[in-house]
file target-v6.cif (mmCIF, C-alpha atoms and all ligand atoms)
data_my_file
loop_
_atom_site.label_atom_id
_atom_site.label_comp_id
_atom_site.auth_asym_id
_atom_site.auth_seq_id
_atom_site.Cartn_x
_atom_site.Cartn_y
_atom_site.Cartn_z
CA MET A 1 -51.64 91.82 2.13
CA LYS A 2 -48.95 93.60 4.11
CA LYS A 3 -47.14 91.26 6.49
CA TYR A 4 -45.91 92.28 9.92
CA ASN A 5 -42.98 90.09 10.89
CA PHE A 6 -42.76 89.30 14.61
CA ASN A 7 -40.50 86.26 14.22
CA ALA A 8 -38.19 85.63 17.19
CA GLY A 9 -35.19 84.63 15.09
CA PRO A 10 -34.21 84.67 12.35
CA SER A 11 -36.20 87.83 12.32
CA MET A 12 -37.15 91.03 10.58
CA LEU A 13 -34.42 93.14 9.01
CA PRO A 14 -34.68 96.63 7.55
CA ARG A 15 -35.92 96.43 3.96
CA GLU A 16 -32.95 98.40 2.64
CA VAL A 17 -30.55 95.91 4.23
CA ILE A 18 -32.18 93.07 2.33
CA GLU A 19 -32.32 95.03 -0.93
CA ASN A 20 -28.72 96.22 -0.76
CA THR A 21 -27.51 92.72 0.10
CA ALA A 22 -29.54 91.26 -2.77
CA LYS A 23 -27.88 93.72 -5.17
CA GLN A 24 -24.41 92.68 -4.05
CA ILE A 25 -25.35 89.02 -4.41
CA LEU A 26 -26.22 89.72 -8.04
CA ASP A 27 -23.24 91.93 -8.78
CA PHE A 28 -20.64 92.68 -6.15
CA ASN A 29 -19.34 96.25 -6.46
CA GLY A 30 -19.92 96.24 -10.23
CA SER A 31 -17.40 93.43 -10.66
CA GLY A 32 -19.76 91.25 -12.68
CA LEU A 33 -19.38 88.54 -10.03
CA SER A 34 -21.68 87.66 -7.18
CA LEU A 35 -20.73 88.29 -3.56
CA MET A 36 -21.17 84.52 -3.31
CA GLU A 37 -18.53 83.87 -5.96
CA ILE A 38 -15.62 86.02 -4.87
CA SER A 39 -12.72 85.08 -2.66
CA HIS A 40 -12.99 86.27 0.91
CA ARG A 41 -9.42 87.47 0.33
CA ALA A 42 -10.41 89.56 -2.67
CA LYS A 43 -9.28 93.14 -2.19
CA ASP A 44 -12.90 94.28 -2.41
CA PHE A 45 -14.07 92.07 0.42
CA GLN A 46 -11.55 93.06 3.08
CA PRO A 47 -13.10 96.55 3.32
CA VAL A 48 -16.45 94.90 4.11
CA VAL A 49 -14.99 93.12 7.13
CA ASP A 50 -13.05 96.22 8.15
CA GLU A 51 -16.05 98.52 7.96
CA ALA A 52 -18.35 96.07 9.76
CA GLU A 53 -15.81 95.78 12.57
CA ALA A 54 -15.27 99.54 12.73
CA LEU A 55 -19.01 100.24 12.83
CA ILE A 56 -19.58 97.77 15.66
CA LYS A 57 -16.77 99.45 17.61
CA ASP A 58 -18.20 102.86 16.83
CA LEU A 59 -21.85 102.05 17.61
CA LEU A 60 -21.08 100.33 20.92
CA SER A 61 -18.18 102.67 21.84
CA VAL A 62 -15.89 99.67 22.25
CA PRO A 63 -12.82 100.87 24.19
CA GLU A 64 -9.16 100.34 23.24
CA GLY A 65 -7.86 96.87 24.02
CA TYR A 66 -10.83 94.98 22.62
CA SER A 67 -11.18 92.93 19.42
CA VAL A 68 -14.28 92.29 17.36
CA ILE A 69 -14.34 89.01 15.46
CA PHE A 70 -16.79 87.21 13.20
CA LEU A 71 -17.22 83.48 13.76
CA GLY A 72 -19.43 80.64 12.60
CA GLY A 73 -21.24 78.15 14.81
CA GLY A 74 -23.93 80.43 16.18
CA ALA A 75 -24.26 81.70 19.71
CA SER A 76 -24.49 78.05 20.74
CA LEU A 77 -20.84 77.46 19.89
CA GLN A 78 -19.98 80.38 22.18
CA PHE A 79 -21.54 78.46 25.08
CA THR A 80 -18.51 76.17 24.67
CA GLN A 81 -15.91 78.52 23.24
CA VAL A 82 -16.28 81.05 26.05
CA PRO A 83 -15.38 78.67 28.90
CA ALA A 84 -12.77 76.89 26.78
CA ASN A 85 -10.91 80.18 26.42
CA LEU A 86 -11.85 82.20 29.48
CA LEU A 87 -12.60 79.77 32.30
CA LEU A 88 -9.33 79.28 34.14
CA LYS A 89 -10.68 77.63 37.30
CA LYS A 90 -14.11 78.81 38.27
CA ALA A 91 -16.94 80.77 36.68
CA ALA A 92 -20.32 82.05 37.80
CA TYR A 93 -23.53 81.76 35.80
CA LEU A 94 -26.90 83.45 36.24
CA ASN A 95 -29.62 81.08 35.08
CA THR A 96 -32.38 83.17 33.54
CA GLY A 97 -33.64 80.99 30.70
CA THR A 98 -33.14 78.14 28.28
CA TRP A 99 -30.11 79.71 26.62
CA ALA A 100 -28.50 80.68 29.93
CA ASN A 101 -29.04 77.14 31.15
CA LYS A 102 -27.39 75.70 28.06
CA ALA A 103 -24.41 78.01 28.44
CA GLU A 104 -23.99 76.94 32.05
CA LYS A 105 -24.11 73.27 31.13
CA GLU A 106 -21.26 73.65 28.62
CA ALA A 107 -19.10 75.56 31.09
CA LYS A 108 -19.13 72.56 33.43
CA LEU A 109 -17.00 70.75 30.85
CA TYR A 110 -14.14 73.14 31.61
CA GLY A 111 -14.14 73.87 35.33
CA GLU A 112 -16.04 74.69 38.45
CA VAL A 113 -19.33 76.49 37.87
CA VAL A 114 -21.24 78.42 40.50
CA GLU A 115 -24.87 79.15 39.70
CA VAL A 116 -25.41 82.47 41.48
CA ALA A 117 -29.20 82.35 41.08
CA SER A 118 -31.90 80.78 38.97
CA SER A 119 -35.55 81.42 38.18
CA LYS A 120 -35.93 78.01 36.54
CA ASP A 121 -38.43 76.76 39.15
CA ALA A 122 -40.70 79.68 38.26
CA ASN A 123 -40.44 78.91 34.53
CA TYR A 124 -38.05 81.85 34.21
CA THR A 125 -40.76 84.47 34.70
CA PHE A 126 -38.38 86.91 36.40
CA ILE A 127 -34.72 87.87 36.67
CA PRO A 128 -33.38 86.78 40.09
CA LYS A 129 -32.28 89.65 42.33
CA GLY A 130 -30.31 89.98 45.53
CA TRP A 131 -27.69 87.35 44.78
CA SER A 132 -23.94 87.72 45.15
CA VAL A 133 -20.96 86.57 43.10
CA PRO A 134 -17.92 84.87 44.64
CA ALA A 135 -14.95 87.23 44.31
CA ASP A 136 -12.66 84.52 42.94
CA VAL A 137 -14.50 83.62 39.75
CA ASP A 138 -12.96 84.30 36.35
CA TYR A 139 -16.19 85.82 35.08
CA LEU A 140 -19.94 86.02 35.58
CA HIS A 141 -21.96 84.87 32.57
CA ILE A 142 -25.30 86.53 31.93
CA THR A 143 -27.91 86.43 29.16
CA THR A 144 -29.01 90.03 28.80
CA ASN A 145 -32.24 89.18 26.98
CA ASN A 146 -34.10 85.93 27.41
CA THR A 147 -35.59 85.47 23.96
CA ILE A 148 -37.91 82.61 24.85
CA TYR A 149 -39.34 83.87 28.15
CA GLY A 150 -39.34 87.61 27.44
CA THR A 151 -37.27 88.95 30.32
CA GLU A 152 -34.35 91.33 29.95
CA MET A 153 -31.61 93.06 31.92
CA ARG A 154 -31.44 96.37 30.12
CA GLN A 155 -28.79 97.82 32.39
CA ASP A 156 -25.19 96.76 32.67
CA LEU A 157 -24.80 94.93 35.98
CA ASP A 158 -22.71 96.38 38.76
CA VAL A 159 -20.57 93.51 40.00
CA ALA A 160 -16.95 93.22 41.10
CA VAL A 161 -16.02 90.55 38.54
CA PRO A 162 -15.74 90.73 34.75
CA LEU A 163 -18.91 90.00 32.81
CA VAL A 164 -19.43 87.69 29.88
CA ALA A 165 -22.72 88.26 28.11
CA ASP A 166 -24.84 86.48 25.56
CA MET A 167 -26.45 89.48 23.87
CA SER A 168 -27.83 87.54 20.90
CA SER A 169 -31.28 89.04 21.10
CA ASP A 170 -30.69 92.59 22.31
CA ILE A 171 -27.29 93.67 21.02
CA MET A 172 -27.44 97.04 19.24
CA SER A 173 -30.72 97.91 20.92
CA ARG A 174 -29.18 100.05 23.68
CA PRO A 175 -25.87 101.62 24.72
CA VAL A 176 -23.58 99.17 26.56
CA ASP A 177 -20.63 99.89 28.84
CA VAL A 178 -18.32 97.42 27.09
CA ALA A 179 -15.51 98.05 29.60
CA LYS A 180 -17.44 95.94 32.14
CA TYR A 181 -17.24 92.90 29.89
CA ASP A 182 -14.47 90.46 29.04
CA CYS A 183 -16.63 89.04 26.29
CA ILE A 184 -19.87 89.89 24.55
CA TYR A 185 -21.23 87.51 21.94
CA ALA A 186 -24.29 87.51 19.74
CA GLY A 187 -25.61 85.30 16.98
CA ALA A 188 -26.47 87.77 14.24
CA GLN A 189 -29.87 86.45 13.19
CA LYS A 190 -31.95 88.28 15.81
CA ASN A 191 -30.89 91.87 15.51
CA MET A 192 -27.99 92.24 13.09
CA SER A 193 -28.09 90.02 10.04
CA MET A 194 -29.10 86.67 8.65
CA ALA A 195 -28.02 83.43 10.33
CA GLY A 196 -24.43 82.29 9.82
CA VAL A 197 -22.26 84.77 11.64
CA THR A 198 -21.68 85.37 15.34
CA VAL A 199 -20.15 88.62 16.58
CA VAL A 200 -17.70 88.20 19.45
CA ILE A 201 -16.22 91.19 21.30
CA LEU A 202 -13.20 90.25 23.40
CA LYS A 203 -10.92 91.94 25.88
CA ASN A 204 -7.50 91.22 24.41
CA ASP A 205 -5.53 90.84 27.63
CA LYS A 206 -7.79 87.98 28.77
CA LEU A 207 -6.90 85.82 25.78
CA GLY A 208 -4.33 83.04 25.65
CA LYS A 209 -4.49 82.34 29.40
CA ALA A 210 -6.51 79.12 29.41
CA PRO A 211 -4.77 76.23 31.21
CA ARG A 212 -5.64 73.74 28.48
CA GLU A 213 -4.79 72.93 24.92
CA LEU A 214 -7.36 74.25 22.51
CA PRO A 215 -8.09 73.05 18.99
CA THR A 216 -6.94 75.79 16.61
CA MET A 217 -10.43 76.77 15.52
CA MET A 218 -11.63 76.94 19.14
CA ASN A 219 -8.92 79.35 20.18
CA TYR A 220 -10.09 82.97 20.07
CA LEU A 221 -6.50 84.08 19.40
CA THR A 222 -6.51 82.26 16.07
CA HIS A 223 -9.32 84.48 14.84
CA VAL A 224 -8.17 87.68 16.53
CA GLU A 225 -4.69 87.36 15.04
CA LYS A 226 -6.03 86.67 11.54
CA GLY A 227 -8.74 89.34 11.63
CA SER A 228 -11.52 86.74 11.27
CA MET A 229 -9.79 85.44 8.13
CA PHE A 230 -8.11 82.29 9.45
CA ASN A 231 -10.55 80.33 7.35
CA THR A 232 -13.37 81.35 5.01
CA PRO A 233 -15.78 83.52 6.96
CA PRO A 234 -19.52 83.64 6.15
CA VAL A 235 -19.28 86.42 3.58
CA VAL A 236 -22.97 87.04 2.83
CA PRO A 237 -24.02 87.20 6.52
CA ILE A 238 -21.10 89.56 7.19
CA TYR A 239 -22.13 91.73 4.27
CA SER A 240 -25.74 92.00 5.44
CA LEU A 241 -24.45 92.70 8.96
CA LEU A 242 -22.47 95.61 7.53
CA GLU A 243 -25.62 96.94 5.86
CA THR A 244 -27.52 96.70 9.16
CA MET A 245 -24.77 98.53 11.02
CA ARG A 246 -24.87 101.31 8.41
CA TRP A 247 -28.64 101.45 8.88
CA VAL A 248 -28.37 101.64 12.69
CA LYS A 249 -25.80 104.41 12.36
CA LYS A 250 -28.04 106.33 9.97
CA GLN A 251 -31.00 106.03 12.34
CA GLY A 252 -29.00 107.68 15.11
CA GLY A 253 -27.11 104.76 16.63
CA VAL A 254 -27.94 102.64 19.66
CA GLU A 255 -29.41 105.59 21.56
CA ALA A 256 -32.04 105.95 18.84
CA MET A 257 -32.61 102.18 18.83
CA ASP A 258 -33.13 102.29 22.61
CA LYS A 259 -35.70 105.06 22.28
CA LEU A 260 -37.59 103.21 19.56
CA ALA A 261 -37.52 99.98 21.58
CA LYS A 262 -39.14 101.79 24.51
CA GLN A 263 -41.80 103.30 22.25
CA ARG A 264 -42.66 99.96 20.69
CA ALA A 265 -42.81 98.20 24.05
CA GLU A 266 -45.02 100.89 25.52
CA ILE A 267 -47.50 100.43 22.69
CA VAL A 268 -47.68 96.65 22.95
CA TYR A 269 -47.44 96.18 26.74
CA GLY A 270 -49.86 99.07 27.15
CA GLU A 271 -52.46 97.13 25.20
CA ILE A 272 -51.70 93.83 26.96
CA ASP A 273 -52.34 95.54 30.30
CA ARG A 274 -55.47 97.33 29.11
CA ASN A 275 -57.13 94.53 27.14
CA LYS A 276 -59.37 92.22 29.22
CA LEU A 277 -58.46 89.19 27.09
CA PHE A 278 -54.70 89.19 27.65
CA ARG A 279 -52.03 89.29 30.32
CA GLY A 280 -48.24 89.46 30.31
CA THR A 281 -46.30 86.40 31.47
CA VAL A 282 -43.33 87.90 33.34
CA ALA A 283 -42.59 90.23 36.25
CA GLU A 284 -43.29 93.78 35.09
CA GLU A 285 -39.91 95.18 36.06
CA ASP A 286 -38.13 92.51 34.01
CA ARG A 287 -40.17 92.81 30.84
CA SER A 288 -38.13 92.47 27.68
CA LEU A 289 -38.38 95.28 25.16
CA MET A 290 -37.37 92.80 22.46
CA ASN A 291 -39.59 89.76 22.99
CA ILE A 292 -43.03 90.62 24.31
CA CYS A 293 -44.73 87.52 25.70
CA PHE A 294 -48.41 87.36 26.56
CA VAL A 295 -51.18 84.81 27.00
CA MET A 296 -54.99 84.82 27.13
CA ASN A 297 -56.41 85.54 30.57
CA ASP A 298 -57.62 82.32 32.22
CA GLU A 299 -61.31 82.95 31.55
CA TYR A 300 -60.56 83.43 27.83
CA LYS A 301 -58.19 80.50 27.36
CA GLU A 302 -60.31 78.97 24.61
CA LEU A 303 -59.81 82.10 22.50
CA GLU A 304 -56.10 81.46 21.99
CA LYS A 305 -56.41 79.70 18.66
CA PRO A 306 -59.16 82.05 17.39
CA PHE A 307 -56.99 85.10 18.21
CA PHE A 308 -54.02 83.53 16.49
CA ASP A 309 -56.10 82.98 13.35
CA PHE A 310 -57.60 86.46 13.58
CA ALA A 311 -54.17 88.11 13.86
CA THR A 312 -52.77 85.94 11.08
CA GLU A 313 -55.56 87.13 8.79
CA ARG A 314 -54.52 90.69 9.61
CA GLY A 315 -50.97 89.97 8.43
CA MET A 316 -49.23 89.17 11.72
CA VAL A 317 -46.45 86.61 11.25
CA GLY A 318 -44.53 84.75 13.95
CA ILE A 319 -46.59 85.71 16.99
CA LYS A 320 -47.02 82.18 18.31
CA GLY A 321 -45.32 81.87 21.71
CA HIS A 322 -42.48 79.42 22.28
CA ARG A 323 -43.80 76.02 23.39
CA SER A 324 -42.28 76.45 26.86
CA VAL A 325 -44.41 79.58 27.49
CA GLY A 326 -47.41 79.15 25.20
CA GLY A 327 -49.64 82.01 24.11
CA PHE A 328 -48.00 84.70 22.05
CA ARG A 329 -44.67 86.38 21.54
CA ALA A 330 -44.25 89.57 19.57
CA SER A 331 -40.57 90.03 18.83
CA CYS A 332 -39.75 93.69 18.40
CA TYR A 333 -36.12 93.93 17.35
CA ASN A 334 -34.55 97.06 15.89
CA ALA A 335 -36.19 96.68 12.49
CA GLN A 336 -39.69 96.35 13.94
CA THR A 337 -41.79 99.38 13.07
CA ILE A 338 -44.17 101.40 15.21
CA GLU A 339 -46.70 100.70 12.45
CA GLY A 340 -46.25 96.94 12.96
CA CYS A 341 -46.85 97.31 16.71
CA GLN A 342 -49.92 99.44 16.07
CA ALA A 343 -51.29 96.86 13.65
CA LEU A 344 -50.90 94.15 16.30
CA VAL A 345 -52.54 96.34 18.93
CA GLN A 346 -55.42 97.13 16.58
CA ALA A 347 -55.96 93.41 16.04
CA MET A 348 -56.03 92.89 19.82
CA LYS A 349 -58.57 95.70 20.24
CA ASP A 350 -60.81 94.53 17.41
CA PHE A 351 -60.72 90.96 18.67
CA GLU A 352 -61.65 92.14 22.15
CA ALA A 353 -64.62 94.06 20.73
CA GLN A 354 -65.94 90.80 19.26
CA HIS A 355 -65.84 89.00 22.62
C1 LIG A 401 -31.16 82.47 19.53
C2 LIG A 401 -30.33 82.54 20.74
C3 LIG A 401 -29.23 81.67 20.94
C4 LIG A 401 -28.87 80.56 19.97
O1 LIG A 401 -28.34 81.10 18.83
P1 LIG A 401 -27.73 80.19 17.67
O2 LIG A 401 -27.04 81.20 16.82
O3 LIG A 401 -28.89 79.53 16.99
O4 LIG A 401 -26.81 79.21 18.27
C5 LIG A 401 -28.47 81.84 22.08
N1 LIG A 401 -28.75 82.79 22.96
C6 LIG A 401 -29.81 83.63 22.83
C7 LIG A 401 -30.07 84.68 23.85
C8 LIG A 401 -30.61 83.53 21.69
O5 LIG A 401 -31.65 84.36 21.55
#
call {"tool": "encode", "arguments": {"input": "target-v6.cif", "output": "structure tokens"}}
result
Amino acid sequence: MKKYNFNAGPSMLPREVIENTAKQILDFNGSGLSLMEISHRAKDFQPVVDEAEALIKDLLSVPEGYSVIFLGGGASLQFTQVPANLLLKKAAYLNTGTWANKAEKEAKLYGEVVEVASSKDANYTFIPKGWSVPADVDYLHITTNNTIYGTEMRQDLDVAVPLVADMSSDIMSRPVDVAKYDCIYAGAQKNMSMAGVTVVILKNDKLGKAPRELPTMMNYLTHVEKGSMFNTPPVVPIYSLLETMRWVKKQGGVEAMDKLAKQRAEIVYGEIDRNKLFRGTVAEEDRSLMNICFVMNDEYKELEKPFFDFATERGMVGIKGHRSVGGFRASCYNAQTIEGCQALVQAMKDFEAQH
């Protein structure tokens, strides 16, 4: 049976990305060696890093004066690495979810942290509005898409201070005005590649200013100066990231990804709003186009498990909601197809007809 992958992360990738990566794992560039067996300093591998970096810059229109680096440690390491490098005295954090909360906690190790707003008391069902940022902070940290709760800020914020953004779960899904950011980071396993590599985009003139000694590996400059080759980078994840960037480019870039994201979301949210069995879990204006969360309406609560089983039989994979929200979550990253969304919607309709 055909499977429709709605996993929240690691998540669906374009089939051709997986196939092309598999080929290179078997035989890298016709060398007779696997991508897994070659030196990261081999003359064939450097072009992979170079092209991946160039495509990220191209797709996101990264301005002059920024570096793109590939690191290990996941987005979670960035919760620490960002303040270690960029927090000079004081930073602001917007608390919009579990990941935002974790980032904020790590920043407190390095300086004063101002929480500008939080929706924690409402189980993160909306993005706080109407807050202000102190003018004297080094940066404001935001999480553009809250993977667990299904809220998203799909527009670059207008604030007077530099932004730092965790874009792990919506990078490459829309155009971004990178000039507003001192740092953008994203674990690759949601929308760009397999797990193992984190993309970090940095404004060069903000580096090397931290009033503290940093371990060599923690210092962004180490990796910027060595072009992500200070130590052995995760070569297979970087290769599959390159394949995904080629795929995004071929589809028409982030503008095309944005359009598709809106189409997918319209299909799925449209059905959630129409279907008597289900309701969305977050404020409508903050709905994520990437992670679509929904639950059974109160009077149909007992149908949660039966719907899960019904959808699973129809080939849906990974639609179980995160334990902190319950219900269901359909993750619709770039690789998600309209067909997949329609299959989910059909299952919702057919299940409704039975009840
Ligand atoms: C998944 C996720 C993380 C954690 O990523 P790791 O690479 O596992 O550390 C952080 N932030 C957001 C927004 C995520 O979706």
call {"tool": "closest_residue", "arguments": {"input": "target-v6.cif", "among": "A:Pro211, A:Gly196, A:Pro83, A:Gly340", "to": "A:Asp182", "atoms": "all atoms listed in the file"}}
result
A:Pro83
call {"tool": "axis_aligned_box", "arguments": {"input": "target-v6.cif", "around": "stretch 157-164 of chain A", "padding_each_side": "6 Å", "output": "lines of an AutoDock Vina configuration file"}}
result
center_x = -20.3
center_y = 92.0
center_z = 35.5
size_x = 21.1
size_y = 20.7
size_z = 23.2
call {"tool": "closest_residue", "arguments": {"input": "target-v6.cif", "among": "A:Gly30, A:Pro14, A:Gly130, A:Gly150", "to": "ligand LIG 401 (chain A)", "atoms": "only C-alpha atoms and all ligand atoms"}}
result
A:Gly150
call {"tool": "closest_atom_pairs", "arguments": {"input": "target-v6.cif", "of": "chain A", "to": "ligand LIG 401 (chain A)", "cutoff": "8 Å", "atoms": "all atoms listed in the file", "output": "CSV"}}
result
residue,atom,partner,partner_atom,distance
A:Ala8,CA,A:LIG401,O5,8.0
A:Gly9,CA,A:LIG401,C1,6.4
A:Gly73,CA,A:LIG401,O4,6.6
A:Gly74,CA,A:LIG401,O2,3.3
A:Ala75,CA,A:LIG401,O4,3.8
A:Ser76,CA,A:LIG401,O4,3.6
A:Leu77,CA,A:LIG401,O4,6.4
A:Gln78,CA,A:LIG401,O4,8.0
A:Trp99,CA,A:LIG401,N1,5.0
A:Ala100,CA,A:LIG401,N1,7.3
A:Thr143,CA,A:LIG401,C7,6.0
A:Thr144,CA,A:LIG401,C7,7.4
A:Asn145,CA,A:LIG401,C7,5.9
A:Asn146,CA,A:LIG401,C7,5.5
A:Thr147,CA,A:LIG401,O5,4.8
A:Ile148,CA,A:LIG401,O5,7.3
A:Asp166,CA,A:LIG401,C7,5.8
A:Met167,CA,A:LIG401,C7,6.0
A:Ser168,CA,A:LIG401,C7,4.7
A:Ser169,CA,A:LIG401,O5,4.7
A:Ala186,CA,A:LIG401,N1,7.2
A:Gly187,CA,A:LIG401,O2,4.3
A:Ala188,CA,A:LIG401,O2,7.1
A:Gln189,CA,A:LIG401,O2,7.0
A:Lys190,CA,A:LIG401,C1,6.9
A:Ala195,CA,A:LIG401,O2,6.9
A:Gly196,CA,A:LIG401,O2,7.5
A:Val197,CA,A:LIG401,O2,7.9
A:Thr198,CA,A:LIG401,O2,7.0
call {"tool": "closest_residue", "arguments": {"input": "target-v6.cif", "among": "A:Lys129, A:Val48, A:His141, A:Leu55", "to": "A:Lys90", "atoms": "all atoms listed in the file"}}
result
A:His141
call {"tool": "residues_near_point", "arguments": {"input": "target-v6.cif", "point": "(-27.2, 81.9, 37.4)", "cutoff": "9 Å", "atoms": "all atoms listed in the file", "output": "MDAnalysis selection string"}}
result
chainID A and resid 92:96 100:101 104 114:119 128 140:142
call {"tool": "residues_around", "arguments": {"input": "target-v6.cif", "residues": "stretch 274-290 of chain A", "least_positions_apart": "6", "cutoff": "6 Å", "atoms": "only C-alpha atoms", "output": "ChimeraX atom specification"}}
result
/A:125-126,150-152,261,265,296-297,331-333
